[in-house]
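*Asks:* Please read through the structure below; I'll follow up with questions.
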Amino acid sequence: MSTFSAEPTSREERRRRTEACILQEARRLFAEEGFERATIRAVARRTGVDPALVMQYFGSKEGLFAAAMQGAHGGGTARTAPREEIPSAVLHDVLAKFETDDREAAVALLRNFLTHPEANRIMRDEVLCSVIRDLARTIGGNDAELKAALLMSCVAGMALARYVLQLPGLAGADRADVERLLRPALQALLGESG
C-alpha cells in the first residue's frame, strides 16, 4: 500500500500526489498482472483510496492504463545519435528504460501490447514508429526505414525475451554482455563493421 509522506498544503497538491500514487500502483499492477487481470479495485486497494476516486481521476480502466503508460517511452539518446552510434544508443536506451527504478510502465507496455488495443497503439505509434522515423532520417540511403524497423524489432524482441519472458541465459545476463553481443548484429543491419 502506498503511503503519503508529509501532508500537502493545498488541495491541488494533494490531488497531484494522490494521482501520482495511483499511477505508480497502476503501473506496477499492469506490469505484474497484465491489463485483463488488473482491476480498478486492486489499484485503489494498493493506493489506499476508494475505487470511485480512481474512476473520477481516470474515467475507466482504459483511461488509467493510457495515463500509466505515459512514462513507458520517450527520451533516450538514439533519436539524436550520429549514424555510427545508433546501435549502441538504441541498446543503451532500451536497457536503461527497463533497468531503472521506474521500469513498471515499460514492462507493463511490453507485457500488454499484443493483447490490449491501447497498449498496441502506444507501442506501435508512439514508441516504435516514432523512433523508427527519426532513426531512418539519420541512417539515410537505400532501405533506411527498413533498416531502422529491423533494428528496433531486434531490440524490442530482446526486451520482450529478457524482461517479460525472462528467457534463461538472457534474463540473468550481465547488461554489458548483452550489449557486447547484440551490438555487432545491429551494426551489421546498418552496413557497419563491428
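Within each chain, counting starts at residue 1; across the C-alpha cells, chains are named A, B, ... in the order shown, with ligands numbered 1 upward in that order.
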Which residues come within 9 Å of range 156-163 of chain A, counting only C-alpha atoms, excluding same-chain residues fewer than 4 positions away, as a CSV table (one decimal) with C-alpha atoms, in the first residue's frame?
*Replies:*
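See part_3.csv below for the written result:
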chain,number,residue,atom,x,y,z
A,94,VAL,CA,16.2,0.2,-24.1
A,95,LEU,CA,18.3,-1.5,-21.4
A,98,PHE,CA,14.0,-1.5,-18.2
A,107,VAL,CA,7.3,-3.6,-18.5
A,110,LEU,CA,5.7,-4.6,-23.3
A,111,ARG,CA,3.6,-7.2,-21.4
A,128,LEU,CA,8.4,2.2,-32.4
A,151,LEU,CA,16.9,-2.7,-35.7
A,152,MET,CA,14.0,-1.7,-33.4
A,167,LEU,CA,14.4,-16.5,-21.0
A,168,PRO,CA,17.2,-18.4,-19.3
A,169,GLY,CA,20.6,-17.2,-20.3
A,170,LEU,CA,19.2,-13.8,-21.3
A,171,ALA,CA,17.2,-12.7,-18.3
A,172,GLY,CA,20.2,-13.1,-15.9
A,173,ALA,CA,22.9,-12.0,-18.4
*Asks:* Leaving out range 32-43 of chain A and any residue of its chain fewer than 6 positions from it, which residues lie within 12 Å of it when counting only C-alpha atoms, given as a VMD selection string?
*Replies:* chain A and resid 1 to 2 19 21 to 26 49 to 66 68 to 69 103 to 120 163 to 164
*Asks:* Go ahead and save the residues from that selection, with C-alpha atoms, as a compact mmCIF listing (two decimals), in the first residue's frame.
*Replies:*
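again-v9.txt, freshly written:
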# COMPACT_ATOMS: atom_id res chain seq x y z
CA MET A 1 0.00 0.00 0.00
CA SER A 2 1.33 3.43 -0.88
CA GLU A 19 -2.91 10.87 -8.71
CA CYS A 21 0.42 7.33 -6.24
CA ILE A 22 -2.49 5.83 -8.19
CA LEU A 23 -0.45 5.86 -11.40
CA GLN A 24 2.57 4.30 -9.70
CA GLU A 25 0.49 1.45 -8.32
CA ALA A 26 -1.34 1.04 -11.64
CA VAL A 49 -8.08 5.16 -1.86
CA ASP A 50 -11.67 4.48 -2.82
CA PRO A 51 -12.16 2.92 -6.31
CA ALA A 52 -14.58 5.76 -7.12
CA LEU A 53 -11.68 8.20 -6.80
CA VAL A 54 -9.66 6.25 -9.37
CA MET A 55 -12.65 6.40 -11.72
CA GLN A 56 -13.10 10.11 -11.03
CA TYR A 57 -9.49 10.84 -11.99
CA PHE A 58 -9.17 8.49 -15.00
CA GLY A 59 -12.70 7.63 -16.16
CA SER A 60 -12.12 3.95 -16.88
CA LYS A 61 -9.55 1.19 -16.74
CA GLU A 62 -8.54 2.13 -20.31
CA GLY A 63 -8.05 5.74 -19.25
CA LEU A 64 -5.98 4.64 -16.26
CA PHE A 65 -3.87 2.39 -18.49
CA ALA A 66 -3.25 5.17 -21.04
CA ALA A 68 0.01 5.00 -16.63
CA MET A 69 1.81 4.30 -19.92
CA ARG A 103 10.58 0.46 -15.05
CA GLU A 104 6.98 -0.58 -14.38
CA ALA A 105 5.47 1.42 -17.24
CA ALA A 106 7.90 -0.06 -19.77
CA VAL A 107 7.28 -3.61 -18.52
CA ALA A 108 3.50 -3.05 -18.49
CA LEU A 109 3.53 -1.75 -22.05
CA LEU A 110 5.69 -4.62 -23.26
CA ARG A 111 3.59 -7.18 -21.42
CA ASN A 112 0.29 -5.87 -22.79
CA PHE A 113 0.92 -4.63 -26.33
CA LEU A 114 -0.08 -7.91 -28.03
CA THR A 115 -3.41 -8.24 -26.20
CA HIS A 116 -4.64 -4.72 -25.50
CA PRO A 117 -5.51 -2.26 -28.29
CA GLU A 118 -4.35 0.87 -26.44
CA ALA A 119 -1.03 -0.73 -25.49
CA ASN A 120 -0.63 -1.86 -29.10
CA TYR A 163 12.13 -8.67 -19.18
CA VAL A 164 8.77 -10.39 -19.79
*Asks:* I'd like to know which residues of range 4-58 of chain A are helix (DSSP H, G or I) (by DSSP, run on the backbone); could you write them as JSON, numbers by chain?
*Replies:* {"A": [11, 12, 13, 14, 15, 16, 17, 18, 19, 20, 21, 22, 23, 24, 25, 26, 27, 28, 29, 30, 31, 32, 33, 34, 35, 36, 37, 40, 41, 42, 43, 44, 45, 46, 47, 51, 52, 53, 54, 55, 56, 57, 58]}
*Asks:* Those selected residues, please, written with C-alpha atoms and delivered as a PDB file, in the first residue's frame.
*Replies:*
ATOM      1  CA  ARG A  11      -5.986  20.782  -2.336  1.00  0.00           C
ATOM      2  CA  GLU A  12      -4.346  20.764  -5.780  1.00  0.00           C
ATOM      3  CA  GLU A  13      -1.083  19.440  -4.333  1.00  0.00           C
ATOM      4  CA  ARG A  14      -2.985  16.641  -2.527  1.00  0.00           C
ATOM      5  CA  ARG A  15      -4.735  15.776  -5.777  1.00  0.00           C
ATOM      6  CA  ARG A  16      -1.404  15.630  -7.674  1.00  0.00           C
ATOM      7  CA  ARG A  17       0.156  13.393  -5.031  1.00  0.00           C
ATOM      8  CA  THR A  18      -2.838  11.079  -4.926  1.00  0.00           C
ATOM      9  CA  GLU A  19      -2.913  10.867  -8.713  1.00  0.00           C
ATOM     10  CA  ALA A  20       0.837  10.114  -8.817  1.00  0.00           C
ATOM     11  CA  CYS A  21       0.416   7.327  -6.235  1.00  0.00           C
ATOM     12  CA  ILE A  22      -2.490   5.834  -8.187  1.00  0.00           C
ATOM     13  CA  LEU A  23      -0.446   5.864 -11.404  1.00  0.00           C
ATOM     14  CA  GLN A  24       2.567   4.304  -9.701  1.00  0.00           C
ATOM     15  CA  GLU A  25       0.488   1.453  -8.319  1.00  0.00           C
ATOM     16  CA  ALA A  26      -1.344   1.043 -11.637  1.00  0.00           C
ATOM     17  CA  ARG A  27       1.986   0.670 -13.486  1.00  0.00           C
ATOM     18  CA  ARG A  28       3.077  -1.987 -11.004  1.00  0.00           C
ATOM     19  CA  LEU A  29      -0.196  -3.876 -11.250  1.00  0.00           C
ATOM     20  CA  PHE A  30      -0.358  -3.728 -15.070  1.00  0.00           C
ATOM     21  CA  ALA A  31       3.258  -4.958 -15.180  1.00  0.00           C
ATOM     22  CA  GLU A  32       2.576  -7.813 -12.734  1.00  0.00           C
ATOM     23  CA  GLU A  33      -0.901  -8.910 -13.786  1.00  0.00           C
ATOM     24  CA  GLY A  34      -1.472  -7.592 -17.304  1.00  0.00           C
ATOM     25  CA  PHE A  35      -4.345  -5.401 -18.438  1.00  0.00           C
ATOM     26  CA  GLU A  36      -7.036  -8.085 -18.340  1.00  0.00           C
ATOM     27  CA  ARG A  37      -6.360  -9.235 -14.767  1.00  0.00           C
ATOM     28  CA  ILE A  40      -9.585  -0.611 -10.616  1.00  0.00           C
ATOM     29  CA  ARG A  41     -10.371  -2.064  -7.171  1.00  0.00           C
ATOM     30  CA  ALA A  42      -6.898  -3.605  -6.886  1.00  0.00           C
ATOM     31  CA  VAL A  43      -5.225  -0.336  -7.860  1.00  0.00           C
ATOM     32  CA  ALA A  44      -7.368   1.533  -5.329  1.00  0.00           C
ATOM     33  CA  ARG A  45      -6.625  -1.020  -2.606  1.00  0.00           C
ATOM     34  CA  ARG A  46      -2.867  -0.776  -3.230  1.00  0.00           C
ATOM     35  CA  THR A  47      -3.047   3.001  -3.180  1.00  0.00           C
ATOM     36  CA  PRO A  51     -12.165   2.919  -6.307  1.00  0.00           C
ATOM     37  CA  ALA A  52     -14.583   5.760  -7.119  1.00  0.00           C
ATOM     38  CA  LEU A  53     -11.684   8.204  -6.800  1.00  0.00           C
ATOM     39  CA  VAL A  54      -9.658   6.247  -9.367  1.00  0.00           C
ATOM     40  CA  MET A  55     -12.654   6.396 -11.719  1.00  0.00           C
ATOM     41  CA  GLN A  56     -13.100  10.107 -11.030  1.00  0.00           C
ATOM     42  CA  TYR A  57      -9.486  10.835 -11.994  1.00  0.00           C
ATOM     43  CA  PHE A  58      -9.168   8.490 -14.997  1.00  0.00           C
TER      44      PHE A  58
END
*Asks:* Quick check, in Å to one decimal: how far apart do CA of Leu190 in chain A and CA of Leu91 in chain A lie?
*Replies:* 14.2 Å
*Asks:* Take CA of Ala78 in chain A and CA of Thr138 in chain A and report the distance between them in Å, one decimal.
*Replies:*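 CA of Thr138 in chain A lies at a distance of 9.9 Å from CA of Ala78 in chain A.
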*Asks:* Can you pull out the residues contacting Thr80 in chain A? Cut-off 12 Å, using only C-alpha atoms, and skip same-chain residues under 3 positions away; I want them as a list in words.
*Replies:*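 Listing them by chain and then by number gives Gly75, Gly76, Thr77, Arg83, Glu84, Glu85, Ile86, Ala89, Val90, Asp93, Val131, Ile132, Arg133, Asp134, Leu135, Ala136, Arg137, Thr138 and Ile139 of chain A.
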*Asks:* Enter the distance from CA of Cys154 in chain A to CA of Gly191 in chain A, in Å, rounded to one decimal.
*Replies:*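 CA of Gly191 in chain A lies at a distance of 15.5 Å from CA of Cys154 in chain A.
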*Asks:* Pick from A:Cys129, A:Val178, A:Ile122, A:Ala96: nearest to Ser153 in chain A, with only C-alpha atoms counted?
*Replies:* A:Cys129
*Asks:* Nearest residue to Met123 in chain A out of A:Gly48, A:Asn142, A:Leu165, A:Gln70, using only C-alpha atoms?
*Replies:* A:Gln70
